[in-house]
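Participant: As input, take start15.pdb (PDB, N, CA and C atoms):
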ATOM      1  N   TYR A  26     155.003  19.054 -88.817  1.00  0.00           N
ATOM      2  CA  TYR A  26     153.895  18.694 -89.646  1.00  0.00           C
ATOM      3  C   TYR A  26     152.882  19.818 -89.685  1.00  0.00           C
ATOM      4  N   GLU A  27     151.974  19.726 -90.621  1.00  0.00           N
ATOM      5  CA  GLU A  27     150.957  20.763 -90.797  1.00  0.00           C
ATOM      6  C   GLU A  27     149.584  20.109 -90.858  1.00  0.00           C
ATOM      7  N   ILE A  28     148.622  20.731 -90.194  1.00  0.00           N
ATOM      8  CA  ILE A  28     147.236  20.289 -90.269  1.00  0.00           C
ATOM      9  C   ILE A  28     146.423  21.443 -90.826  1.00  0.00           C
ATOM     10  N   ARG A  29     145.684  21.196 -91.898  1.00  0.00           N
ATOM     11  CA  ARG A  29     144.825  22.220 -92.484  1.00  0.00           C
ATOM     12  C   ARG A  29     143.382  21.811 -92.282  1.00  0.00           C
ATOM     13  N   LEU A  30     142.549  22.748 -91.883  1.00  0.00           N
ATOM     14  CA  LEU A  30     141.124  22.511 -91.702  1.00  0.00           C
ATOM     15  C   LEU A  30     140.375  23.346 -92.730  1.00  0.00           C
ATOM     16  N   THR A  31     139.581  22.683 -93.570  1.00  0.00           N
ATOM     17  CA  THR A  31     138.786  23.361 -94.578  1.00  0.00           C
ATOM     18  C   THR A  31     137.318  23.240 -94.201  1.00  0.00           C
ATOM     19  N   VAL A  32     136.655  24.357 -94.002  1.00  0.00           N
ATOM     20  CA  VAL A  32     135.245  24.364 -93.628  1.00  0.00           C
ATOM     21  C   VAL A  32     134.407  24.493 -94.885  1.00  0.00           C
ATOM     22  N   GLU A  33     133.514  23.530 -95.108  1.00  0.00           N
ATOM     23  CA  GLU A  33     132.669  23.525 -96.301  1.00  0.00           C
ATOM     24  C   GLU A  33     131.457  24.440 -96.128  1.00  0.00           C
ATOM     25  N   LEU A  34     130.812  24.372 -94.978  1.00  0.00           N
ATOM     26  CA  LEU A  34     129.643  25.189 -94.684  1.00  0.00           C
ATOM     27  C   LEU A  34     129.881  25.918 -93.372  1.00  0.00           C
ATOM     28  N   CYS A  35     128.898  26.640 -92.928  1.00  0.00           N
ATOM     29  CA  CYS A  35     129.041  27.441 -91.719  1.00  0.00           C
ATOM     30  C   CYS A  35     129.256  26.565 -90.484  1.00  0.00           C
ATOM     31  N   VAL A  36     130.341  26.797 -89.786  1.00  0.00           N
ATOM     32  CA  VAL A  36     130.622  26.159 -88.504  1.00  0.00           C
ATOM     33  C   VAL A  36     130.673  27.272 -87.476  1.00  0.00           C
ATOM     34  N   ASP A  37     129.945  27.109 -86.399  1.00  0.00           N
ATOM     35  CA  ASP A  37     129.820  28.183 -85.425  1.00  0.00           C
ATOM     36  C   ASP A  37     131.086  28.360 -84.586  1.00  0.00           C
ATOM     37  N   VAL A  38     131.650  27.267 -84.103  1.00  0.00           N
ATOM     38  CA  VAL A  38     132.807  27.375 -83.214  1.00  0.00           C
ATOM     39  C   VAL A  38     133.797  26.260 -83.518  1.00  0.00           C
ATOM     40  N   ILE A  39     135.064  26.620 -83.598  1.00  0.00           N
ATOM     41  CA  ILE A  39     136.151  25.651 -83.646  1.00  0.00           C
ATOM     42  C   ILE A  39     137.038  25.955 -82.445  1.00  0.00           C
ATOM     43  N   LYS A  40     137.207  24.961 -81.584  1.00  0.00           N
ATOM     44  CA  LYS A  40     137.959  25.176 -80.349  1.00  0.00           C
ATOM     45  C   LYS A  40     139.136  24.206 -80.306  1.00  0.00           C
ATOM     46  N   ARG A  41     140.308  24.711 -79.965  1.00  0.00           N
ATOM     47  CA  ARG A  41     141.514  23.902 -79.845  1.00  0.00           C
ATOM     48  C   ARG A  41     142.044  24.069 -78.430  1.00  0.00           C
ATOM     49  N   GLN A  42     142.257  22.944 -77.750  1.00  0.00           N
ATOM     50  CA  GLN A  42     142.773  23.007 -76.379  1.00  0.00           C
ATOM     51  C   GLN A  42     143.548  21.735 -76.071  1.00  0.00           C
ATOM     52  N   PRO A  43     144.375  21.736 -75.032  1.00  0.00           N
ATOM     53  CA  PRO A  43     145.193  20.564 -74.733  1.00  0.00           C
ATOM     54  C   PRO A  43     144.510  19.515 -73.854  1.00  0.00           C
ATOM     55  N   TYR A  44     143.240  19.702 -73.510  1.00  0.00           N
ATOM     56  CA  TYR A  44     142.568  18.767 -72.610  1.00  0.00           C
ATOM     57  C   TYR A  44     141.222  18.346 -73.178  1.00  0.00           C
ATOM     58  N   THR A  45     140.780  17.143 -72.822  1.00  0.00           N
ATOM     59  CA  THR A  45     139.452  16.691 -73.211  1.00  0.00           C
ATOM     60  C   THR A  45     138.422  17.336 -72.287  1.00  0.00           C
ATOM     61  N   ALA A  46     137.162  17.281 -72.687  1.00  0.00           N
ATOM     62  CA  ALA A  46     136.094  17.820 -71.844  1.00  0.00           C
ATOM     63  C   ALA A  46     136.050  17.090 -70.510  1.00  0.00           C
ATOM     64  N   ALA A  47     136.241  15.775 -70.512  1.00  0.00           N
ATOM     65  CA  ALA A  47     136.216  15.000 -69.266  1.00  0.00           C
ATOM     66  C   ALA A  47     137.348  15.423 -68.329  1.00  0.00           C
ATOM     67  N   GLU A  48     138.534  15.651 -68.878  1.00  0.00           N
ATOM     68  CA  GLU A  48     139.657  16.090 -68.034  1.00  0.00           C
ATOM     69  C   GLU A  48     139.359  17.432 -67.393  1.00  0.00           C
ATOM     70  N   LEU A  49     138.778  18.346 -68.154  1.00  0.00           N
ATOM     71  CA  LEU A  49     138.452  19.663 -67.608  1.00  0.00           C
ATOM     72  C   LEU A  49     137.352  19.575 -66.548  1.00  0.00           C
ATOM     73  N   GLU A  50     136.352  18.749 -66.783  1.00  0.00           N
ATOM     74  CA  GLU A  50     135.245  18.626 -65.831  1.00  0.00           C
ATOM     75  C   GLU A  50     135.663  17.954 -64.540  1.00  0.00           C
ATOM     76  N   ASN A  51     136.614  17.019 -64.611  1.00  0.00           N
ATOM     77  CA  ASN A  51     137.025  16.280 -63.423  1.00  0.00           C
ATOM     78  C   ASN A  51     138.060  17.013 -62.576  1.00  0.00           C
ATOM     79  N   ALA A  52     138.699  18.015 -63.118  1.00  0.00           N
ATOM     80  CA  ALA A  52     139.717  18.763 -62.371  1.00  0.00           C
ATOM     81  C   ALA A  52     139.070  19.954 -61.659  1.00  0.00           C
ATOM     82  N   THR A  53     139.322  20.067 -60.382  1.00  0.00           N
ATOM     83  CA  THR A  53     138.819  21.226 -59.646  1.00  0.00           C
ATOM     84  C   THR A  53     139.876  22.317 -59.530  1.00  0.00           C
ATOM     85  N   HIS A  54     141.144  21.974 -59.809  1.00  0.00           N
ATOM     86  CA  HIS A  54     142.243  22.938 -59.801  1.00  0.00           C
ATOM     87  C   HIS A  54     143.157  22.627 -60.975  1.00  0.00           C
ATOM     88  N   MET A  55     143.853  23.633 -61.472  1.00  0.00           N
ATOM     89  CA  MET A  55     144.733  23.445 -62.638  1.00  0.00           C
ATOM     90  C   MET A  55     145.769  22.365 -62.418  1.00  0.00           C
ATOM     91  N   GLU A  56     146.282  22.243 -61.198  1.00  0.00           N
ATOM     92  CA  GLU A  56     147.323  21.244 -60.940  1.00  0.00           C
ATOM     93  C   GLU A  56     146.792  19.806 -61.020  1.00  0.00           C
ATOM     94  N   GLU A  57     145.483  19.635 -61.075  1.00  0.00           N
ATOM     95  CA  GLU A  57     144.891  18.310 -61.234  1.00  0.00           C
ATOM     96  C   GLU A  57     144.793  17.892 -62.697  1.00  0.00           C
ATOM     97  N   LEU A  58     145.072  18.798 -63.614  1.00  0.00           N
ATOM     98  CA  LEU A  58     145.049  18.464 -65.041  1.00  0.00           C
ATOM     99  C   LEU A  58     146.319  17.700 -65.397  1.00  0.00           C
ATOM    100  N   PRO A  59     146.218  16.726 -66.304  1.00  0.00           N
ATOM    101  CA  PRO A  59     147.416  15.989 -66.715  1.00  0.00           C
ATOM    102  C   PRO A  59     148.336  16.879 -67.548  1.00  0.00           C
ATOM    103  N   LEU A  60     149.568  16.426 -67.740  1.00  0.00           N
ATOM    104  CA  LEU A  60     150.473  17.158 -68.616  1.00  0.00           C
ATOM    105  C   LEU A  60     149.871  17.191 -70.024  1.00  0.00           C
ATOM    106  N   ALA A  61     149.966  18.338 -70.652  1.00  0.00           N
ATOM    107  CA  ALA A  61     149.423  18.482 -72.008  1.00  0.00           C
ATOM    108  C   ALA A  61     150.280  17.662 -72.967  1.00  0.00           C
ATOM    109  N   ARG A  62     149.657  16.694 -73.663  1.00  0.00           N
ATOM    110  CA  ARG A  62     150.400  15.836 -74.584  1.00  0.00           C
ATOM    111  C   ARG A  62     149.696  15.669 -75.927  1.00  0.00           C
ATOM    112  N   ARG A  63     148.602  16.397 -76.110  1.00  0.00           N
ATOM    113  CA  ARG A  63     147.847  16.301 -77.354  1.00  0.00           C
ATOM    114  C   ARG A  63     147.055  17.595 -77.553  1.00  0.00           C
ATOM    115  N   THR A  64     146.469  17.709 -78.719  1.00  0.00           N
ATOM    116  CA  THR A  64     145.580  18.825 -78.999  1.00  0.00           C
ATOM    117  C   THR A  64     144.198  18.257 -79.292  1.00  0.00           C
ATOM    118  N   VAL A  65     143.197  18.754 -78.577  1.00  0.00           N
ATOM    119  CA  VAL A  65     141.817  18.324 -78.766  1.00  0.00           C
ATOM    120  C   VAL A  65     141.124  19.389 -79.612  1.00  0.00           C
ATOM    121  N   LEU A  66     140.617  18.976 -80.763  1.00  0.00           N
ATOM    122  CA  LEU A  66     139.930  19.883 -81.672  1.00  0.00           C
ATOM    123  C   LEU A  66     138.430  19.592 -81.588  1.00  0.00           C
ATOM    124  N   SER A  67     137.653  20.586 -81.194  1.00  0.00           N
ATOM    125  CA  SER A  67     136.196  20.450 -81.092  1.00  0.00           C
ATOM    126  C   SER A  67     135.565  21.358 -82.136  1.00  0.00           C
ATOM    127  N   ILE A  68     134.682  20.785 -82.946  1.00  0.00           N
ATOM    128  CA  ILE A  68     134.030  21.536 -84.016  1.00  0.00           C
ATOM    129  C   ILE A  68     132.527  21.463 -83.785  1.00  0.00           C
ATOM    130  N   TYR A  69     131.897  22.613 -83.611  1.00  0.00           N
ATOM    131  CA  TYR A  69     130.478  22.685 -83.286  1.00  0.00           C
ATOM    132  C   TYR A  69     129.711  23.378 -84.412  1.00  0.00           C
ATOM    133  N   GLY A  70     128.584  22.797 -84.803  1.00  0.00           N
ATOM    134  CA  GLY A  70     127.737  23.417 -85.812  1.00  0.00           C
ATOM    135  C   GLY A  70     126.942  24.570 -85.251  1.00  0.00           C
ATOM    136  N   ALA A  71     126.665  24.534 -83.965  1.00  0.00           N
ATOM    137  CA  ALA A  71     125.930  25.613 -83.306  1.00  0.00           C
ATOM    138  C   ALA A  71     126.248  25.562 -81.811  1.00  0.00           C
ATOM    139  N   VAL A  72     126.312  26.722 -81.202  1.00  0.00           N
ATOM    140  CA  VAL A  72     126.575  26.812 -79.772  1.00  0.00           C
ATOM    141  C   VAL A  72     125.611  27.815 -79.178  1.00  0.00           C
ATOM    142  N   ARG A  73     124.945  27.408 -78.125  1.00  0.00           N
ATOM    143  CA  ARG A  73     124.064  28.326 -77.420  1.00  0.00           C
ATOM    144  C   ARG A  73     124.935  29.039 -76.395  1.00  0.00           C
ATOM    145  N   GLY A  74     125.330  30.238 -76.717  1.00  0.00           N
ATOM    146  CA  GLY A  74     126.237  30.991 -75.877  1.00  0.00           C
ATOM    147  C   GLY A  74     125.575  31.541 -74.641  1.00  0.00           C
ATOM    148  N   VAL A  75     126.297  32.344 -73.908  1.00  0.00           N
ATOM    149  CA  VAL A  75     125.777  32.937 -72.687  1.00  0.00           C
ATOM    150  C   VAL A  75     124.552  33.757 -73.038  1.00  0.00           C
ATOM    151  N   GLY A  76     124.688  34.824 -73.757  1.00  0.00           N
ATOM    152  CA  GLY A  76     123.575  35.579 -74.300  1.00  0.00           C
ATOM    153  C   GLY A  76     122.470  35.997 -73.350  1.00  0.00           C
ATOM    154  N   GLY A  77     122.550  35.619 -72.083  1.00  0.00           N
ATOM    155  CA  GLY A  77     121.501  35.972 -71.132  1.00  0.00           C
ATOM    156  C   GLY A  77     121.674  37.374 -70.582  1.00  0.00           C
ATOM    157  N   ILE A  78     120.663  37.845 -69.924  1.00  0.00           N
ATOM    158  CA  ILE A  78     120.696  39.184 -69.354  1.00  0.00           C
ATOM    159  C   ILE A  78     121.465  39.182 -68.034  1.00  0.00           C
ATOM    160  N   ASP A  79     121.323  38.121 -67.291  1.00  0.00           N
ATOM    161  CA  ASP A  79     121.971  38.039 -65.983  1.00  0.00           C
ATOM    162  C   ASP A  79     122.389  36.588 -65.732  1.00  0.00           C
ATOM    163  N   SER A  80     122.913  36.307 -64.593  1.00  0.00           N
ATOM    164  CA  SER A  80     123.337  34.944 -64.262  1.00  0.00           C
ATOM    165  C   SER A  80     122.373  34.262 -63.303  1.00  0.00           C
ATOM    166  N   TRP A  81     121.131  34.757 -63.218  1.00  0.00           N
ATOM    167  CA  TRP A  81     120.163  34.217 -62.266  1.00  0.00           C
ATOM    168  C   TRP A  81     119.050  33.447 -62.937  1.00  0.00           C
ATOM    169  N   GLY A  82     119.316  32.861 -64.097  1.00  0.00           N
ATOM    170  CA  GLY A  82     118.332  31.995 -64.718  1.00  0.00           C
ATOM    171  C   GLY A  82     117.561  32.582 -65.882  1.00  0.00           C
ATOM    172  N   THR A  83     117.796  33.822 -66.239  1.00  0.00           N
ATOM    173  CA  THR A  83     117.125  34.396 -67.400  1.00  0.00           C
ATOM    174  C   THR A  83     117.595  33.652 -68.649  1.00  0.00           C
ATOM    175  N   ASP A  84     116.656  33.282 -69.517  1.00  0.00           N
ATOM    176  CA  ASP A  84     117.001  32.566 -70.733  1.00  0.00           C
ATOM    177  C   ASP A  84     117.801  33.467 -71.670  1.00  0.00           C
ATOM    178  N   VAL A  85     118.506  32.845 -72.607  1.00  0.00           N
ATOM    179  CA  VAL A  85     119.252  33.626 -73.593  1.00  0.00           C
ATOM    180  C   VAL A  85     118.274  34.368 -74.494  1.00  0.00           C
ATOM    181  N   GLU A  86     118.745  35.439 -75.106  1.00  0.00           N
ATOM    182  CA  GLU A  86     117.892  36.232 -75.984  1.00  0.00           C
ATOM    183  C   GLU A  86     117.596  35.459 -77.268  1.00  0.00           C
ATOM    184  N   SER A  87     116.506  35.790 -77.914  1.00  0.00           N
ATOM    185  CA  SER A  87     116.010  35.064 -79.098  1.00  0.00           C
ATOM    186  C   SER A  87     117.063  34.816 -80.178  1.00  0.00           C
ATOM    187  N   PRO A  88     117.906  35.783 -80.528  1.00  0.00           N
ATOM    188  CA  PRO A  88     118.883  35.508 -81.595  1.00  0.00           C
ATOM    189  C   PRO A  88     119.869  34.387 -81.251  1.00  0.00           C
ATOM    190  N   TYR A  89     119.977  34.024 -79.970  1.00  0.00           N
ATOM    191  CA  TYR A  89     120.948  33.020 -79.539  1.00  0.00           C
ATOM    192  C   TYR A  89     120.318  31.658 -79.272  1.00  0.00           C
ATOM    193  N   HIS A  90     119.021  31.501 -79.547  1.00  0.00           N
ATOM    194  CA  HIS A  90     118.371  30.205 -79.385  1.00  0.00           C
ATOM    195  C   HIS A  90     118.768  29.285 -80.528  1.00  0.00           C
ATOM    196  N   ILE A  91     118.870  28.003 -80.236  1.00  0.00           N
ATOM    197  CA  ILE A  91     119.139  26.988 -81.247  1.00  0.00           C
ATOM    198  C   ILE A  91     117.890  26.128 -81.337  1.00  0.00           C
ATOM    199  N   PRO A  92     117.243  26.067 -82.494  1.00  0.00           N
ATOM    200  CA  PRO A  92     115.994  25.297 -82.604  1.00  0.00           C
ATOM    201  C   PRO A  92     116.244  23.804 -82.419  1.00  0.00           C
ATOM    202  N   ALA A  93     115.525  23.191 -81.488  1.00  0.00           N
ATOM    203  CA  ALA A  93     115.686  21.766 -81.207  1.00  0.00           C
ATOM    204  C   ALA A  93     114.962  20.898 -82.214  1.00  0.00           C
ATOM    205  N   ASP A  94     114.063  21.468 -82.980  1.00  0.00           N
ATOM    206  CA  ASP A  94     113.282  20.684 -83.933  1.00  0.00           C
ATOM    207  C   ASP A  94     113.864  20.714 -85.346  1.00  0.00           C
ATOM    208  N   GLN A  95     115.066  21.252 -85.497  1.00  0.00           N
ATOM    209  CA  GLN A  95     115.707  21.334 -86.814  1.00  0.00           C
ATOM    210  C   GLN A  95     117.110  20.743 -86.740  1.00  0.00           C
ATOM    211  N   ASP A  96     117.488  20.024 -87.792  1.00  0.00           N
ATOM    212  CA  ASP A  96     118.858  19.531 -87.881  1.00  0.00           C
ATOM    213  C   ASP A  96     119.784  20.674 -88.264  1.00  0.00           C
ATOM    214  N   ILE A  97     120.993  20.619 -87.792  1.00  0.00           N
ATOM    215  CA  ILE A  97     122.014  21.599 -88.162  1.00  0.00           C
ATOM    216  C   ILE A  97     123.081  20.836 -88.934  1.00  0.00           C
ATOM    217  N   ASP A  98     123.171  21.090 -90.224  1.00  0.00           N
ATOM    218  CA  ASP A  98     124.123  20.386 -91.075  1.00  0.00           C
ATOM    219  C   ASP A  98     125.361  21.246 -91.291  1.00  0.00           C
ATOM    220  N   PHE A  99     126.508  20.615 -91.161  1.00  0.00           N
ATOM    221  CA  PHE A  99     127.763  21.273 -91.487  1.00  0.00           C
ATOM    222  C   PHE A  99     128.763  20.194 -91.840  1.00  0.00           C
ATOM    223  N   SER A 100     129.814  20.570 -92.528  1.00  0.00           N
ATOM    224  CA  SER A 100     130.843  19.603 -92.879  1.00  0.00           C
ATOM    225  C   SER A 100     132.200  20.279 -92.847  1.00  0.00           C
ATOM    226  N   PHE A 101     133.233  19.464 -92.759  1.00  0.00           N
ATOM    227  CA  PHE A 101     134.588  19.988 -92.710  1.00  0.00           C
ATOM    228  C   PHE A 101     135.537  18.894 -93.179  1.00  0.00           C
ATOM    229  N   ASN A 102     136.711  19.280 -93.641  1.00  0.00           N
ATOM    230  CA  ASN A 102     137.766  18.353 -94.037  1.00  0.00           C
ATOM    231  C   ASN A 102     139.007  18.682 -93.233  1.00  0.00           C
ATOM    232  N   ILE A 103     139.683  17.651 -92.785  1.00  0.00           N
ATOM    233  CA  ILE A 103     140.965  17.838 -92.110  1.00  0.00           C
ATOM    234  C   ILE A 103     142.021  17.177 -92.976  1.00  0.00           C
ATOM    235  N   HIS A 104     143.022  17.948 -93.358  1.00  0.00           N
ATOM    236  CA  HIS A 104     144.113  17.452 -94.221  1.00  0.00           C
ATOM    237  C   HIS A 104     145.405  17.394 -93.427  1.00  0.00           C
ATOM    238  N   PHE A 105     146.048  16.253 -93.475  1.00  0.00           N
ATOM    239  CA  PHE A 105     147.360  16.088 -92.816  1.00  0.00           C
ATOM    240  C   PHE A 105     148.458  16.127 -93.831  1.00  0.00           C
TER     241      PHE A 105
END
Translate the structure described by the file into structure tokens.

Facilitator:
Amino acid sequence: YEIRLTVELCVDVIKRQPYTAAELENATHMEELPLARRTVLSIYGAVRGVGGIDSWGTDVESPYHIPADQDIDFSFNIHF
């Protein structure tokens, strides 16, 4: 079968992986992950990336901030 994803507006990140976020968070080692039996598609309108100067608490640089007081609109179609 084929799955086509059509992005209507700007989408920041599309991620495909065999595990849900909960499965990844609950596993402390790879062998604790279940057998891969599906594909999890995550579509994000905006992602606040690493963008920091160091790993000791410095905030991300201005271009990587996501305004909390504004809605981020995006749309997509998935065709089977």

Participant: For A:Ile68, list every protein, DNA or RNA residue within 6 Å, evaluated using all atoms listed in the file, and leave out those in the same chain fewer than 3 positions away; present the list as a PyMOL selection string.

Facilitator: chain A and resi 38-40

Participant: Please, what distance in Å, to one decimal, runs between atom N of A:Glu57 and atom C of A:Gln42?

Facilitator: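 Value for the atom N of A:Glu57-atom C of A:Gln42 distance: 15.3 Å.
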
Participant: Expressed in Å to a single decimal, how great is the separation between atom CA of A:Ser87 and atom CA of A:Ala46?

Facilitator: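 Separation of atom CA of A:Ser87 and atom CA of A:Ala46: 27.4 Å.
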
Participant: To one decimal place in Å, what is the distance between atom C of A:Phe99 and atom C of A:Thr45?

Facilitator: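 Straight-line distance from atom C of A:Phe99 to atom C of A:Thr45 works out to 22.0 Å.
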
Participant: To verify the selection step, state as a PyMOL selection string which residues the PyMOL selection byres ((chain A and resi 64) around 6) yields on this input.

Facilitator: chain A and resi 42-43+62-63+65-66

Participant: Which protein, DNA or RNA residues are at most 5 Å from (124.6, 23.5, -85.8) in the file's coordinates when you count all atoms listed in the file, listed as an mmCIF file with N, CA and C atoms, keeping the file's coordinate frame?

Facilitator:
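What follows is the written file selection-v4.cif:
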data_model
loop_
_atom_site.group_PDB
_atom_site.id
_atom_site.type_symbol
_atom_site.label_atom_id
_atom_site.label_comp_id
_atom_site.auth_asym_id
_atom_site.auth_seq_id
_atom_site.Cartn_x
_atom_site.Cartn_y
_atom_site.Cartn_z
ATOM 1 N N GLY A 70 128.584 22.797 -84.803
ATOM 2 C CA GLY A 70 127.737 23.417 -85.812
ATOM 3 C C GLY A 70 126.942 24.570 -85.251
ATOM 4 N N ALA A 71 126.665 24.534 -83.965
ATOM 5 C CA ALA A 71 125.930 25.613 -83.306
ATOM 6 C C ALA A 71 126.248 25.562 -81.811
ATOM 7 N N ILE A 97 120.993 20.619 -87.792
ATOM 8 C CA ILE A 97 122.014 21.599 -88.162
ATOM 9 C C ILE A 97 123.081 20.836 -88.934
#

Participant: For a quick check of understanding, using all atoms listed in the file, which of A:Met55, A:Val72, A:Phe105, A:Glu27 has the smallest distance to A:Ile91?

Facilitator: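 For A:Ile91, the nearest of the candidates is A:Val72.
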